[in-house]
Amino acid sequence: MANSEQRNKLQISVTSTKDGAIFHLSGFLDENVRFESVKVPPLVNLIFDLGEVALINSIGIRSWVNWMKSMRDRSFTFRNCSKAMVDQINILDGFLPPGSFVESFYVPYHCDNCDGSEKVLFRQGREFEKGTADRAERVAPPANVTCVKCGGPMVMDVIESKYFRFLKYRR
Ligand SMILES: [Zn+2]
């Protein structure tokens, strides 16, 4: 038990690049998270790579929201958002700071043939466009997603009206 808790503890690495500071998070967003110990570089652009954030609970959510609020006057980009993150973005207004840019997120797919599952990356400007004040959001899934295990066709494994809700324009 102790070992699995260790393994799933949220790991955060920070890299300063010419594009900004890149935060890579992996593991569980829960009561063991200590965002206050993360050293945030004095850069305007903050990029969060969230592809490996696996599970979120209410204490983790509160820590996350407080952490976001503590970083004022920055530009926020969210990359490779996992399903766990997308679910929270949809549920909780204010989970991401105002004016955040979601660059890409994962969509779960399922193969009815072999029961396999896969995640497909949707990218802003390609598979989706967020709605704006004068243009509705757009989702353009890839025409075919093929199962790597059996070669069968895969189908999207989410309720689209719920999963893509966060793409709607909000004032
Ligand atoms: Zn399959």
# chains A, B, ... in the order shown; residues from 1 in each chain; ligands from 1
>>> residues_near_ligand(ligand="ligand 1", cutoff="7 Å", atoms="only C-alpha atoms and all ligand atoms", output="PyMOL selection string")
chain A and resi 111-116+147-152
>>> closest_atom_pairs(of="stretch 32-62 of chain A", to="stretch 90-107 of chain A", cutoff="10 Å", atoms="only C-alpha atoms", output="CSV")
residue,atom,partner,partner_atom,distance
A:Ile47,CA,A:Phe101,CA,9.4
A:Phe48,CA,A:Val102,CA,9.6
A:Asp49,CA,A:Ser104,CA,9.5
A:Leu50,CA,A:Phe105,CA,8.6
A:Gly51,CA,A:Tyr106,CA,7.6
A:Ile61,CA,A:Phe95,CA,7.8
A:Arg62,CA,A:Phe95,CA,9.0
>>> closest_residue(among="A:Pro108, A:Met156, A:Asn80, A:Lys39", to="A:Ser26", atoms="only C-alpha atoms")
A:Asn80
>>> residues_around(residues="A:Ser37", least_positions_apart="5", cutoff="12 Å", atoms="only C-alpha atoms", output="VMD selection string")
chain A and resid 11 to 14 63 67
>>> select_by_dssp(residues="stretch 29-163 of chain A", states="alpha helix (DSSP H)", output="number ranges by chain")
A: 58-70, 83-91, 160-163
>>> select_by_dssp(residues="chain A", states="strand (DSSP E or B)", output="JSON, numbers by chain")
{"A": [9, 11, 12, 13, 14, 15, 16, 17, 20, 21, 22, 23, 24, 25, 26, 27, 28, 29, 45, 46, 47, 48, 49, 50, 51, 52, 53, 54, 55, 56, 75, 76, 77, 78, 79, 81, 101, 102, 104, 105, 106, 107, 108, 109, 110, 117, 118, 119, 120, 121, 122, 123, 124, 128, 129, 132, 135, 138, 139, 146, 153, 155, 156]}
>>> atom_distance(atom1="atom CA of A:Phe166", atom2="atom CA of A:Ile89")
6.7 Å
>>> closest_residue(among="A:Ser58, A:Thr15, A:Ser70, A:Ser75", to="A:Val44", atoms="only C-alpha atoms")
A:Ser75
>>> closest_residue(among="A:Leu167, A:Val86, A:Leu29, A:Val139", to="A:Leu55", atoms="only C-alpha atoms")
A:Leu29
>>> residues_around(residues="stretch 161-165 of chain A", least_positions_apart="3", cutoff="7 Å", atoms="only C-alpha atoms", output="ChimeraX atom specification")
/A:87,90,158,168
>>> write_last_selection(atoms="N, CA and C atoms", output="short mmCIF file (atom, residue, chain, number, x, y, z; two decimals), in the first residue's frame")
data_model
loop_
_atom_site.label_atom_id
_atom_site.label_comp_id
_atom_site.auth_asym_id
_atom_site.auth_seq_id
_atom_site.Cartn_x
_atom_site.Cartn_y
_atom_site.Cartn_z
N ASP A 87 -12.73 16.56 -17.11
CA ASP A 87 -13.96 16.40 -16.32
C ASP A 87 -14.10 17.53 -15.30
N ASN A 90 -14.94 20.91 -16.82
CA ASN A 90 -16.37 20.97 -17.15
C ASN A 90 -17.25 21.16 -15.93
N VAL A 158 -16.99 9.02 -24.68
CA VAL A 158 -17.46 10.07 -23.77
C VAL A 158 -18.84 10.53 -24.26
N LYS A 168 -17.43 25.71 -25.07
CA LYS A 168 -18.38 26.79 -25.34
C LYS A 168 -17.86 28.12 -24.82
#
>>> closest_residue(among="A:Ile22, A:Val65, A:Met71, A:Ala136", to="A:Arg170", atoms="only C-alpha atoms")
A:Ala136
>>> closest_residue(among="A:Leu10, A:Ala54, A:Met85, A:Val33", to="A:Asn66", atoms="only C-alpha atoms")
A:Val33
>>> residues_around(residues="A:Arg138", least_positions_apart="3", cutoff="7 Å", atoms="only C-alpha atoms", output="ChimeraX atom specification")
/A:128-130
>>> write_last_selection(atoms="C-alpha atoms", output="mmCIF file, in the first residue's frame")
data_model
loop_
_atom_site.group_PDB
_atom_site.id
_atom_site.type_symbol
_atom_site.label_atom_id
_atom_site.label_comp_id
_atom_site.auth_asym_id
_atom_site.auth_seq_id
_atom_site.Cartn_x
_atom_site.Cartn_y
_atom_site.Cartn_z
ATOM 1 C CA PHE A 128 -11.330 21.524 -32.006
ATOM 2 C CA GLU A 129 -11.786 25.263 -31.831
ATOM 3 C CA LYS A 130 -12.992 26.945 -28.707
#
>>> decode(residues="stretch 85-160 of chain A", atoms="C-alpha atoms", output="mmCIF file, in the first residue's frame")
data_model
loop_
_atom_site.group_PDB
_atom_site.id
_atom_site.type_symbol
_atom_site.label_atom_id
_atom_site.label_comp_id
_atom_site.auth_asym_id
_atom_site.auth_seq_id
_atom_site.Cartn_x
_atom_site.Cartn_y
_atom_site.Cartn_z
ATOM 1 C CA MET A 85 -8.650 17.265 -15.812
ATOM 2 C CA VAL A 86 -11.217 17.783 -18.581
ATOM 3 C CA ASP A 87 -13.956 16.402 -16.316
ATOM 4 C CA GLN A 88 -13.048 18.952 -13.636
ATOM 5 C CA ILE A 89 -12.801 21.829 -16.124
ATOM 6 C CA ASN A 90 -16.369 20.966 -17.151
ATOM 7 C CA ILE A 91 -17.713 20.561 -13.628
ATOM 8 C CA LEU A 92 -16.117 23.507 -11.873
ATOM 9 C CA ASP A 93 -16.218 27.065 -13.189
ATOM 10 C CA GLY A 94 -12.949 28.603 -12.107
ATOM 11 C CA PHE A 95 -10.970 25.366 -12.133
ATOM 12 C CA LEU A 96 -8.797 27.108 -14.721
ATOM 13 C CA PRO A 97 -7.881 30.774 -14.303
ATOM 14 C CA PRO A 98 -9.828 33.302 -16.426
ATOM 15 C CA GLY A 99 -8.375 33.718 -19.911
ATOM 16 C CA SER A 100 -6.643 30.329 -19.869
ATOM 17 C CA PHE A 101 -5.747 28.736 -23.175
ATOM 18 C CA VAL A 102 -6.419 25.013 -23.539
ATOM 19 C CA GLU A 103 -3.989 23.960 -26.234
ATOM 20 C CA SER A 104 -4.826 20.236 -26.326
ATOM 21 C CA PHE A 105 -6.674 17.530 -24.416
ATOM 22 C CA TYR A 106 -7.223 13.785 -24.543
ATOM 23 C CA VAL A 107 -10.436 12.082 -25.594
ATOM 24 C CA PRO A 108 -10.947 8.429 -24.568
ATOM 25 C CA TYR A 109 -11.816 5.983 -27.349
ATOM 26 C CA HIS A 110 -13.097 2.434 -27.067
ATOM 27 C CA CYS A 111 -12.893 -0.636 -29.322
ATOM 28 C CA ASP A 112 -16.068 -2.723 -29.193
ATOM 29 C CA ASN A 113 -14.293 -5.533 -31.021
ATOM 30 C CA CYS A 114 -11.599 -6.311 -28.403
ATOM 31 C CA ASP A 115 -12.699 -4.033 -25.536
ATOM 32 C CA GLY A 116 -9.456 -2.059 -25.916
ATOM 33 C CA SER A 117 -9.183 1.589 -24.981
ATOM 34 C CA GLU A 118 -7.037 4.391 -26.301
ATOM 35 C CA LYS A 119 -6.766 8.138 -25.845
ATOM 36 C CA VAL A 120 -6.646 10.528 -28.758
ATOM 37 C CA LEU A 121 -5.165 14.012 -28.520
ATOM 38 C CA PHE A 122 -7.438 16.821 -29.719
ATOM 39 C CA ARG A 123 -5.581 20.036 -30.573
ATOM 40 C CA GLN A 124 -6.847 23.611 -30.777
ATOM 41 C CA GLY A 125 -7.133 24.637 -34.441
ATOM 42 C CA ARG A 126 -7.173 21.029 -35.625
ATOM 43 C CA GLU A 127 -9.604 18.705 -33.843
ATOM 44 C CA PHE A 128 -11.330 21.524 -32.006
ATOM 45 C CA GLU A 129 -11.786 25.263 -31.831
ATOM 46 C CA LYS A 130 -12.992 26.945 -28.707
ATOM 47 C CA GLY A 131 -16.054 29.137 -29.139
ATOM 48 C CA THR A 132 -15.631 32.899 -29.169
ATOM 49 C CA ALA A 133 -18.063 35.796 -28.740
ATOM 50 C CA ASP A 134 -18.958 35.583 -32.427
ATOM 51 C CA ARG A 135 -18.216 31.982 -33.397
ATOM 52 C CA ALA A 136 -19.572 28.734 -31.960
ATOM 53 C CA GLU A 137 -17.157 26.075 -30.759
ATOM 54 C CA ARG A 138 -16.228 23.355 -33.259
ATOM 55 C CA VAL A 139 -15.224 19.727 -32.738
ATOM 56 C CA ALA A 140 -13.813 17.808 -35.699
ATOM 57 C CA PRO A 141 -12.784 14.322 -34.515
ATOM 58 C CA PRO A 142 -10.351 12.338 -36.680
ATOM 59 C CA ALA A 143 -12.249 10.500 -39.450
ATOM 60 C CA ASN A 144 -10.979 7.074 -38.379
ATOM 61 C CA VAL A 145 -9.387 5.889 -35.173
ATOM 62 C CA THR A 146 -8.030 2.380 -35.519
ATOM 63 C CA CYS A 147 -7.450 0.035 -32.593
ATOM 64 C CA VAL A 148 -3.735 -0.703 -32.193
ATOM 65 C CA LYS A 149 -4.514 -4.144 -30.757
ATOM 66 C CA CYS A 150 -6.967 -5.579 -33.298
ATOM 67 C CA GLY A 151 -7.190 -3.044 -36.122
ATOM 68 C CA GLY A 152 -10.889 -2.538 -35.527
ATOM 69 C CA PRO A 153 -12.635 0.842 -35.591
ATOM 70 C CA MET A 154 -12.707 2.774 -32.338
ATOM 71 C CA VAL A 155 -15.491 5.017 -31.122
ATOM 72 C CA MET A 156 -15.412 8.012 -28.818
ATOM 73 C CA ASP A 157 -16.000 6.881 -25.233
ATOM 74 C CA VAL A 158 -17.465 10.069 -23.771
ATOM 75 C CA ILE A 159 -20.813 11.830 -23.773
ATOM 76 C CA GLU A 160 -19.935 14.532 -26.254
#
